[in-house]
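One file, target_10.cif, carrying mmCIF, N, CA and C atoms:
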```
data_structure
loop_
_atom_site.group_PDB
_atom_site.id
_atom_site.type_symbol
_atom_site.label_atom_id
_atom_site.label_comp_id
_atom_site.auth_asym_id
_atom_site.auth_seq_id
_atom_site.Cartn_x
_atom_site.Cartn_y
_atom_site.Cartn_z
ATOM 1 N N ALA K 1 32.439 -43.698 77.875
ATOM 2 C CA ALA K 1 33.356 -44.154 76.853
ATOM 3 C C ALA K 1 33.089 -43.390 75.565
ATOM 4 N N VAL K 2 34.125 -43.144 74.832
ATOM 5 C CA VAL K 2 34.025 -42.586 73.488
ATOM 6 C C VAL K 2 34.627 -43.635 72.572
ATOM 7 N N CYS K 3 33.812 -44.173 71.659
ATOM 8 C CA CYS K 3 34.293 -45.283 70.848
ATOM 9 C C CYS K 3 33.495 -45.457 69.562
ATOM 10 N N ARG K 4 33.925 -46.419 68.760
ATOM 11 C CA ARG K 4 33.212 -46.809 67.551
ATOM 12 C C ARG K 4 32.020 -47.654 67.978
ATOM 13 N N ALA K 5 31.377 -48.327 67.031
ATOM 14 C CA ALA K 5 30.158 -49.052 67.386
ATOM 15 C C ALA K 5 30.090 -50.431 66.747
ATOM 16 N N GLY K 6 31.225 -51.132 66.757
ATOM 17 C CA GLY K 6 31.235 -52.502 66.259
ATOM 18 C C GLY K 6 30.545 -53.434 67.244
ATOM 19 N N ALA K 7 30.281 -54.641 66.802
ATOM 20 C CA ALA K 7 29.548 -55.606 67.625
ATOM 21 C C ALA K 7 30.236 -55.892 68.960
ATOM 22 N N SER K 8 31.548 -56.071 68.948
ATOM 23 C CA SER K 8 32.258 -56.366 70.200
ATOM 24 C C SER K 8 32.183 -55.187 71.162
ATOM 25 N N THR K 9 32.328 -53.994 70.644
ATOM 26 C CA THR K 9 32.241 -52.795 71.485
ATOM 27 C C THR K 9 30.858 -52.673 72.100
ATOM 28 N N ILE K 10 29.819 -52.848 71.294
ATOM 29 C CA ILE K 10 28.446 -52.750 71.791
ATOM 30 C C ILE K 10 28.197 -53.812 72.859
ATOM 31 N N THR K 11 28.708 -55.012 72.635
ATOM 32 C CA THR K 11 28.542 -56.090 73.615
ATOM 33 C C THR K 11 29.200 -55.725 74.940
ATOM 34 N N GLU K 12 30.427 -55.240 74.889
ATOM 35 C CA GLU K 12 31.135 -54.879 76.119
ATOM 36 C C GLU K 12 30.451 -53.728 76.848
ATOM 37 N N LEU K 13 30.050 -52.707 76.112
ATOM 38 C CA LEU K 13 29.363 -51.573 76.743
ATOM 39 C C LEU K 13 28.088 -52.029 77.431
ATOM 40 N N SER K 14 27.341 -52.899 76.775
ATOM 41 C CA SER K 14 26.064 -53.333 77.344
ATOM 42 C C SER K 14 26.257 -54.275 78.528
ATOM 43 N N LEU K 15 27.205 -55.179 78.446
ATOM 44 C CA LEU K 15 27.426 -56.100 79.565
ATOM 45 C C LEU K 15 27.867 -55.374 80.832
ATOM 46 N N TYR K 16 28.640 -54.305 80.665
ATOM 47 C CA TYR K 16 29.153 -53.577 81.825
ATOM 48 C C TYR K 16 28.375 -52.303 82.136
ATOM 49 N N GLY K 17 27.353 -52.006 81.345
ATOM 50 C CA GLY K 17 26.521 -50.832 81.603
ATOM 51 C C GLY K 17 27.264 -49.518 81.473
ATOM 52 N N VAL K 18 28.075 -49.400 80.436
ATOM 53 C CA VAL K 18 28.887 -48.199 80.245
ATOM 54 C C VAL K 18 28.188 -47.233 79.280
ATOM 55 N N PRO K 19 27.811 -46.056 79.755
ATOM 56 C CA PRO K 19 27.220 -45.057 78.863
ATOM 57 C C PRO K 19 28.301 -44.553 77.906
ATOM 58 N N SER K 20 27.890 -44.109 76.727
ATOM 59 C CA SER K 20 28.931 -43.771 75.766
ATOM 60 C C SER K 20 28.527 -42.731 74.736
ATOM 61 N N LEU K 21 29.561 -42.203 74.126
ATOM 62 C CA LEU K 21 29.451 -41.394 72.927
ATOM 63 C C LEU K 21 29.955 -42.310 71.821
ATOM 64 N N LEU K 22 29.073 -42.669 70.905
ATOM 65 C CA LEU K 22 29.437 -43.577 69.826
ATOM 66 C C LEU K 22 29.619 -42.798 68.530
ATOM 67 N N ILE K 23 30.752 -43.046 67.880
ATOM 68 C CA ILE K 23 31.044 -42.436 66.587
ATOM 69 C C ILE K 23 31.282 -43.595 65.619
ATOM 70 N N PRO K 24 30.231 -44.039 64.934
ATOM 71 C CA PRO K 24 30.344 -45.205 64.061
ATOM 72 C C PRO K 24 31.383 -45.008 62.952
ATOM 73 N N TYR K 25 32.097 -46.082 62.649
ATOM 74 C CA TYR K 25 33.062 -46.071 61.554
ATOM 75 C C TYR K 25 32.273 -45.947 60.252
ATOM 76 N N PRO K 26 32.468 -44.872 59.505
ATOM 77 C CA PRO K 26 31.612 -44.609 58.348
ATOM 78 C C PRO K 26 31.822 -45.549 57.163
ATOM 79 N N TYR K 27 32.911 -46.312 57.172
ATOM 80 C CA TYR K 27 33.198 -47.199 56.041
ATOM 81 C C TYR K 27 32.916 -48.661 56.360
ATOM 82 N N ALA K 28 32.238 -48.916 57.463
ATOM 83 C CA ALA K 28 31.902 -50.293 57.836
ATOM 84 C C ALA K 28 30.909 -50.867 56.823
ATOM 85 N N THR K 29 31.009 -52.151 56.588
ATOM 86 C CA THR K 29 30.135 -52.831 55.639
ATOM 87 C C THR K 29 28.673 -52.547 55.937
ATOM 88 N N GLU K 30 27.962 -52.117 54.910
ATOM 89 C CA GLU K 30 26.528 -51.818 54.992
ATOM 90 C C GLU K 30 26.190 -50.867 56.142
ATOM 91 N N ASP K 31 27.160 -50.067 56.525
ATOM 92 C CA ASP K 31 26.970 -49.061 57.580
ATOM 93 C C ASP K 31 26.456 -49.678 58.883
ATOM 94 N N HIS K 32 26.866 -50.931 59.143
ATOM 95 C CA HIS K 32 26.332 -51.645 60.310
ATOM 96 C C HIS K 32 26.663 -50.965 61.636
ATOM 97 N N GLN K 33 27.791 -50.276 61.725
ATOM 98 C CA GLN K 33 28.108 -49.613 62.991
ATOM 99 C C GLN K 33 27.118 -48.496 63.291
ATOM 100 N N TYR K 34 26.673 -47.811 62.265
ATOM 101 C CA TYR K 34 25.672 -46.762 62.468
ATOM 102 C C TYR K 34 24.391 -47.368 63.035
ATOM 103 N N TYR K 35 23.959 -48.482 62.475
ATOM 104 C CA TYR K 35 22.726 -49.113 62.950
ATOM 105 C C TYR K 35 22.889 -49.682 64.360
ATOM 106 N N ASN K 36 24.067 -50.224 64.664
ATOM 107 C CA ASN K 36 24.340 -50.673 66.037
ATOM 108 C C ASN K 36 24.212 -49.494 67.003
ATOM 109 N N ALA K 37 24.845 -48.393 66.648
ATOM 110 C CA ALA K 37 24.847 -47.208 67.513
ATOM 111 C C ALA K 37 23.439 -46.653 67.704
ATOM 112 N N LYS K 38 22.677 -46.573 66.627
ATOM 113 C CA LYS K 38 21.317 -46.033 66.722
ATOM 114 C C LYS K 38 20.442 -46.898 67.623
ATOM 115 N N GLU K 39 20.647 -48.198 67.603
ATOM 116 C CA GLU K 39 19.880 -49.103 68.471
ATOM 117 C C GLU K 39 20.125 -48.754 69.937
ATOM 118 N N ILE K 40 21.376 -48.543 70.295
ATOM 119 C CA ILE K 40 21.720 -48.199 71.679
ATOM 120 C C ILE K 40 21.218 -46.799 72.018
ATOM 121 N N GLU K 41 21.330 -45.881 71.083
ATOM 122 C CA GLU K 41 20.838 -44.522 71.319
ATOM 123 C C GLU K 41 19.328 -44.533 71.555
ATOM 124 N N GLU K 42 18.592 -45.325 70.782
ATOM 125 C CA GLU K 42 17.138 -45.394 70.949
ATOM 126 C C GLU K 42 16.740 -45.957 72.311
ATOM 127 N N LEU K 43 17.599 -46.797 72.882
ATOM 128 C CA LEU K 43 17.356 -47.311 74.235
ATOM 129 C C LEU K 43 17.675 -46.257 75.298
ATOM 130 N N GLY K 44 18.399 -45.219 74.906
ATOM 131 C CA GLY K 44 18.806 -44.185 75.856
ATOM 132 C C GLY K 44 20.173 -44.430 76.461
ATOM 133 N N GLY K 45 20.957 -45.343 75.866
ATOM 134 C CA GLY K 45 22.244 -45.704 76.440
ATOM 135 C C GLY K 45 23.457 -45.051 75.822
ATOM 136 N N ALA K 46 23.244 -44.192 74.810
ATOM 137 C CA ALA K 46 24.387 -43.568 74.142
ATOM 138 C C ALA K 46 23.957 -42.310 73.410
ATOM 139 N N VAL K 47 24.954 -41.504 73.115
ATOM 140 C CA VAL K 47 24.795 -40.371 72.207
ATOM 141 C C VAL K 47 25.562 -40.770 70.949
ATOM 142 N N VAL K 48 24.967 -40.570 69.789
ATOM 143 C CA VAL K 48 25.606 -40.962 68.530
ATOM 144 C C VAL K 48 25.941 -39.723 67.711
ATOM 145 N N LEU K 49 27.173 -39.697 67.221
ATOM 146 C CA LEU K 49 27.609 -38.644 66.301
ATOM 147 C C LEU K 49 28.147 -39.293 65.038
ATOM 148 N N LYS K 50 27.755 -38.786 63.897
ATOM 149 C CA LYS K 50 28.378 -39.223 62.653
ATOM 150 C C LYS K 50 29.749 -38.563 62.577
ATOM 151 N N GLU K 51 30.709 -39.286 62.028
ATOM 152 C CA GLU K 51 32.072 -38.757 61.960
ATOM 153 C C GLU K 51 32.120 -37.409 61.241
ATOM 154 N N GLU K 52 31.291 -37.239 60.239
ATOM 155 C CA GLU K 52 31.279 -35.980 59.485
ATOM 156 C C GLU K 52 30.836 -34.786 60.334
ATOM 157 N N ASP K 53 30.153 -35.063 61.445
ATOM 158 C CA ASP K 53 29.671 -33.996 62.328
ATOM 159 C C ASP K 53 30.595 -33.715 63.506
ATOM 160 N N VAL K 54 31.672 -34.473 63.614
ATOM 161 C CA VAL K 54 32.567 -34.349 64.763
ATOM 162 C C VAL K 54 33.407 -33.075 64.664
ATOM 163 N N ARG K 55 33.269 -32.265 65.700
ATOM 164 C CA ARG K 55 34.061 -31.050 65.893
ATOM 165 C C ARG K 55 34.287 -30.934 67.399
ATOM 166 N N PRO K 56 35.328 -30.255 67.830
ATOM 167 C CA PRO K 56 35.592 -30.168 69.268
ATOM 168 C C PRO K 56 34.384 -29.737 70.096
ATOM 169 N N SER K 57 33.689 -28.708 69.683
ATOM 170 C CA SER K 57 32.555 -28.225 70.480
ATOM 171 C C SER K 57 31.427 -29.253 70.545
ATOM 172 N N VAL K 58 31.238 -29.996 69.473
ATOM 173 C CA VAL K 58 30.191 -31.022 69.441
ATOM 174 C C VAL K 58 30.564 -32.174 70.366
ATOM 175 N N ILE K 59 31.834 -32.562 70.345
ATOM 176 C CA ILE K 59 32.289 -33.641 71.231
ATOM 177 C C ILE K 59 32.147 -33.221 72.692
ATOM 178 N N VAL K 60 32.564 -32.015 73.016
ATOM 179 C CA VAL K 60 32.452 -31.533 74.400
ATOM 180 C C VAL K 60 31.000 -31.582 74.854
ATOM 181 N N SER K 61 30.104 -31.100 74.037
ATOM 182 C CA SER K 61 28.681 -31.102 74.377
ATOM 183 C C SER K 61 28.157 -32.523 74.575
ATOM 184 N N ALA K 62 28.539 -33.431 73.690
ATOM 185 C CA ALA K 62 28.080 -34.817 73.790
ATOM 186 C C ALA K 62 28.635 -35.499 75.040
ATOM 187 N N VAL K 63 29.916 -35.285 75.332
ATOM 188 C CA VAL K 63 30.520 -35.882 76.530
ATOM 189 C C VAL K 63 29.864 -35.325 77.791
ATOM 190 N N GLU K 64 29.583 -34.042 77.808
ATOM 191 C CA GLU K 64 28.892 -33.455 78.966
ATOM 192 C C GLU K 64 27.532 -34.122 79.167
ATOM 193 N N ARG K 65 26.832 -34.392 78.086
ATOM 194 C CA ARG K 65 25.529 -35.060 78.197
ATOM 195 C C ARG K 65 25.692 -36.472 78.753
ATOM 196 N N VAL K 66 26.663 -37.208 78.224
ATOM 197 C CA VAL K 66 26.900 -38.572 78.715
ATOM 198 C C VAL K 66 27.223 -38.542 80.204
ATOM 199 N N LEU K 67 28.066 -37.625 80.627
ATOM 200 C CA LEU K 67 28.431 -37.538 82.041
ATOM 201 C C LEU K 67 27.248 -37.142 82.916
ATOM 202 N N SER K 68 26.426 -36.235 82.439
ATOM 203 C CA SER K 68 25.293 -35.783 83.256
ATOM 204 C C SER K 68 24.175 -36.818 83.335
ATOM 205 N N GLU K 69 24.118 -37.712 82.355
ATOM 206 C CA GLU K 69 23.076 -38.743 82.332
ATOM 207 C C GLU K 69 23.658 -40.147 82.506
ATOM 208 N N ALA K 70 24.849 -40.222 83.075
ATOM 209 C CA ALA K 70 25.582 -41.489 83.138
ATOM 210 C C ALA K 70 24.796 -42.617 83.793
ATOM 211 N N GLU K 71 24.149 -42.339 84.897
ATOM 212 C CA GLU K 71 23.440 -43.410 85.605
ATOM 213 C C GLU K 71 22.299 -43.979 84.764
ATOM 214 N N SER K 72 21.447 -43.119 84.247
ATOM 215 C CA SER K 72 20.310 -43.615 83.461
ATOM 216 C C SER K 72 20.766 -44.227 82.141
ATOM 217 N N MET K 73 21.799 -43.661 81.537
ATOM 218 C CA MET K 73 22.319 -44.229 80.293
ATOM 219 C C MET K 73 22.950 -45.596 80.537
ATOM 220 N N GLY K 74 23.639 -45.741 81.657
ATOM 221 C CA GLY K 74 24.232 -47.031 81.996
ATOM 222 C C GLY K 74 23.181 -48.114 82.171
ATOM 223 N N GLU K 75 22.104 -47.774 82.855
ATOM 224 C CA GLU K 75 21.007 -48.734 83.027
ATOM 225 C C GLU K 75 20.374 -49.074 81.682
ATOM 226 N N ALA K 76 20.202 -48.069 80.838
ATOM 227 C CA ALA K 76 19.581 -48.289 79.534
ATOM 228 C C ALA K 76 20.423 -49.203 78.653
ATOM 229 N N VAL K 77 21.720 -48.950 78.587
ATOM 230 C CA VAL K 77 22.565 -49.784 77.731
ATOM 231 C C VAL K 77 22.671 -51.202 78.292
ATOM 232 N N ARG K 78 22.621 -51.336 79.600
ATOM 233 C CA ARG K 78 22.678 -52.671 80.204
ATOM 234 C C ARG K 78 21.458 -53.507 79.816
ATOM 235 N N SER K 79 20.336 -52.848 79.569
ATOM 236 C CA SER K 79 19.124 -53.584 79.192
ATOM 237 C C SER K 79 19.279 -54.276 77.841
ATOM 238 N N PHE K 80 20.262 -53.865 77.057
ATOM 239 C CA PHE K 80 20.515 -54.471 75.749
ATOM 240 C C PHE K 80 21.218 -55.823 75.876
ATOM 241 N N ALA K 81 21.965 -56.002 76.944
ATOM 242 C CA ALA K 81 22.777 -57.208 77.121
ATOM 243 C C ALA K 81 21.929 -58.413 77.497
ATOM 244 N N ASN K 82 22.392 -59.559 77.072
ATOM 245 C CA ASN K 82 21.790 -60.815 77.500
ATOM 246 C C ASN K 82 22.930 -61.734 77.928
ATOM 247 N N PRO K 83 23.237 -61.759 79.226
ATOM 248 C CA PRO K 83 24.351 -62.574 79.708
ATOM 249 C C PRO K 83 24.177 -64.070 79.430
ATOM 250 N N ARG K 84 22.948 -64.484 79.138
ATOM 251 C CA ARG K 84 22.679 -65.900 78.847
ATOM 252 C C ARG K 84 22.687 -66.197 77.349
ATOM 253 N N ALA K 85 23.167 -65.286 76.540
ATOM 254 C CA ALA K 85 23.105 -65.446 75.083
ATOM 255 C C ALA K 85 23.731 -66.758 74.615
ATOM 256 N N VAL K 86 24.895 -67.109 75.129
ATOM 257 C CA VAL K 86 25.557 -68.345 74.707
ATOM 258 C C VAL K 86 24.701 -69.552 75.060
ATOM 259 N N ASP K 87 24.153 -69.570 76.269
ATOM 260 C CA ASP K 87 23.293 -70.684 76.676
ATOM 261 C C ASP K 87 22.080 -70.810 75.767
ATOM 262 N N LEU K 88 21.460 -69.698 75.446
ATOM 263 C CA LEU K 88 20.274 -69.719 74.587
ATOM 264 C C LEU K 88 20.602 -70.210 73.180
ATOM 265 N N ILE K 89 21.740 -69.798 72.659
ATOM 266 C CA ILE K 89 22.155 -70.254 71.330
ATOM 267 C C ILE K 89 22.430 -71.752 71.349
ATOM 268 N N LEU K 90 23.136 -72.225 72.366
ATOM 269 C CA LEU K 90 23.424 -73.658 72.470
ATOM 270 C C LEU K 90 22.148 -74.472 72.619
ATOM 271 N N GLU K 91 21.219 -74.004 73.417
ATOM 272 C CA GLU K 91 19.938 -74.704 73.566
ATOM 273 C C GLU K 91 19.229 -74.815 72.225
ATOM 274 N N GLU K 92 19.246 -73.750 71.466
ATOM 275 C CA GLU K 92 18.592 -73.740 70.155
ATOM 276 C C GLU K 92 19.265 -74.733 69.210
ATOM 277 N N ILE K 93 20.582 -74.766 69.214
ATOM 278 C CA ILE K 93 21.322 -75.686 68.344
ATOM 279 C C ILE K 93 21.052 -77.128 68.739
ATOM 280 N N LEU K 94 21.081 -77.416 70.030
ATOM 281 C CA LEU K 94 20.902 -78.788 70.496
ATOM 282 C C LEU K 94 19.484 -79.303 70.293
ATOM 283 N N GLU K 95 18.517 -78.408 70.208
ATOM 284 C CA GLU K 95 17.135 -78.818 69.969
ATOM 285 C C GLU K 95 16.916 -79.247 68.529
ATOM 286 N N LYS K 96 17.785 -78.847 67.628
ATOM 287 C CA LYS K 96 17.590 -79.152 66.196
ATOM 288 C C LYS K 96 18.391 -80.322 65.736
#
```
Render the structure in this file as structure tokens.
Amino acid sequence: AVCRAGASTITELSLYGVPSLLIPYPYATEDHQYYNAKEIEELGGAVVLKEEDVRPSVIVSAVERVLSEAESMGEAVRSFANPRAVDLILEEILEK
């Protein structure tokens, strides 16, 4: 996938184990998309490009990397997901 790096996007990518090229929206509040993207990149689940660095040759190179490492990147990004997140949040709320 080639996409931005908002919370919903990161959640979907991680739940389905989709490797990606993330290009964070540079005007997001407190640059949160950049930090979301870097978290996934550090896990090995994505390649991150700043919008200012985007050029056709750079995108081609990044997509080739994602495709060549798709299996390992998919596993890495999946490790970020917690399918039980709602249950854990509800348990925490009900305990208080």
Q: Looking only at strand (DSSP E or B) from DSSP on the backbone, list the matching residues of chain K as a list in words.
A: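 Everything in chain K that counts as strand (DSSP E or B) is Val2, Cys3, Ser20, Leu21, Leu22, Ala46, Val47 and Val48 of chain K.
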Q) Between K:Glu39, K:Pro19, K:Glu12, K:Ser57, which is the closest to K:Glu69 once you count only N, CA and C atoms? A) K:Pro19
Non-local contacts of stretch 77-87 of chain K (6.5 Å; all atoms listed in the file; under 2 positions in same chain excluded) as a compact mmCIF listing (two decimals) with N, CA and C atoms, keeping the file's coordinate frame:
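Saved file around.txt follows:
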```
# COMPACT_ATOMS: atom_id res chain seq x y z
N LEU K 13 30.05 -52.71 76.11
CA LEU K 13 29.36 -51.57 76.74
C LEU K 13 28.09 -52.03 77.43
N SER K 14 27.34 -52.90 76.78
CA SER K 14 26.06 -53.33 77.34
C SER K 14 26.26 -54.28 78.53
N LEU K 15 27.20 -55.18 78.45
CA LEU K 15 27.43 -56.10 79.56
C LEU K 15 27.87 -55.37 80.83
N TYR K 16 28.64 -54.30 80.67
CA TYR K 16 29.15 -53.58 81.82
C TYR K 16 28.38 -52.30 82.14
N GLY K 17 27.35 -52.01 81.34
CA GLY K 17 26.52 -50.83 81.60
C GLY K 17 27.26 -49.52 81.47
N VAL K 18 28.08 -49.40 80.44
CA VAL K 18 28.89 -48.20 80.24
C VAL K 18 28.19 -47.23 79.28
N ILE K 40 21.38 -48.54 70.30
CA ILE K 40 21.72 -48.20 71.68
C ILE K 40 21.22 -46.80 72.02
N LEU K 43 17.60 -46.80 72.88
CA LEU K 43 17.36 -47.31 74.24
C LEU K 43 17.68 -46.26 75.30
N GLY K 44 18.40 -45.22 74.91
CA GLY K 44 18.81 -44.18 75.86
C GLY K 44 20.17 -44.43 76.46
N GLY K 45 20.96 -45.34 75.87
CA GLY K 45 22.24 -45.70 76.44
C GLY K 45 23.46 -45.05 75.82
N ALA K 46 23.24 -44.19 74.81
CA ALA K 46 24.39 -43.57 74.14
C ALA K 46 23.96 -42.31 73.41
N SER K 72 21.45 -43.12 84.25
CA SER K 72 20.31 -43.62 83.46
C SER K 72 20.77 -44.23 82.14
N MET K 73 21.80 -43.66 81.54
CA MET K 73 22.32 -44.23 80.29
C MET K 73 22.95 -45.60 80.54
N GLY K 74 23.64 -45.74 81.66
CA GLY K 74 24.23 -47.03 82.00
C GLY K 74 23.18 -48.11 82.17
N GLU K 75 22.10 -47.77 82.86
CA GLU K 75 21.01 -48.73 83.03
C GLU K 75 20.37 -49.07 81.68
N ILE K 89 21.74 -69.80 72.66
CA ILE K 89 22.16 -70.25 71.33
C ILE K 89 22.43 -71.75 71.35
N LEU K 90 23.14 -72.22 72.37
CA LEU K 90 23.42 -73.66 72.47
C LEU K 90 22.15 -74.47 72.62
N GLU K 91 21.22 -74.00 73.42
CA GLU K 91 19.94 -74.70 73.57
C GLU K 91 19.23 -74.82 72.22
N GLU K 92 19.25 -73.75 71.47
CA GLU K 92 18.59 -73.74 70.16
C GLU K 92 19.26 -74.73 69.21
```
Q: Around the point (35.8, -45.3, 77.6) in the file's coordinates, collect all residues with an atom within 7 Å, using only N, CA and C atoms, and return them as a ChimeraX atom specification.
A: /K:1-3
Q) If you run DSSP on the backbone, which residues of chain K are helix (DSSP H, G or I), as a PyMOL selection string? A) chain K and resi 7-16+29-43+51-53+56-68+70-78+85-95
Q) If you measure from atom C of K:Asp31 to atom N of K:Ala7, what distance in Å do you get, rounded to one decimal? A)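 If I compute the distance from atom C of K:Asp31 to atom N of K:Ala7, I get 10.1 Å.
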Return the padded bounding box of stretch 44-47 of chain K as lines of an AutoDock Vina configuration file: axis-aligned, built from all atoms listed in the file, 6 Å added on each side, with centre and edge lengths in Å to one decimal.
```
center_x = 22.0
center_y = -43.0
center_z = 73.7
size_x = 19.2
size_y = 17.3
size_z = 17.5
```
(Q) Between atom CA of K:Ala70 and atom CA of K:Ala5, what is the distance in Å, rounded to a tenth? (A)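 Answer for the atom CA of K:Ala70 to atom CA of K:Ala5 separation: 18.1 Å.
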Q | Two-atom distance - atom C of K:Val66, atom C of K:Leu22 (Å) | A |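 Answer for the atom C of K:Val66 to atom C of K:Leu22 separation: 12.7 Å.
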Q | Nearest-residue call for K:Lys50, choices K:Ala37, K:Ala28, K:Ile23, K:Ala76, using all atoms listed in the file | A |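 Looking only at the distances to K:Lys50, the closest residue turns out to be K:Ile23.
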Q: Kindly indicate which residue among K:Gly6, K:Val47, K:Pro56, K:Ile93 lies nearest to K:Tyr34, using all atoms listed in the file for the distances.
A: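 Of the candidates, the smallest distance to K:Tyr34 is held by K:Gly6.
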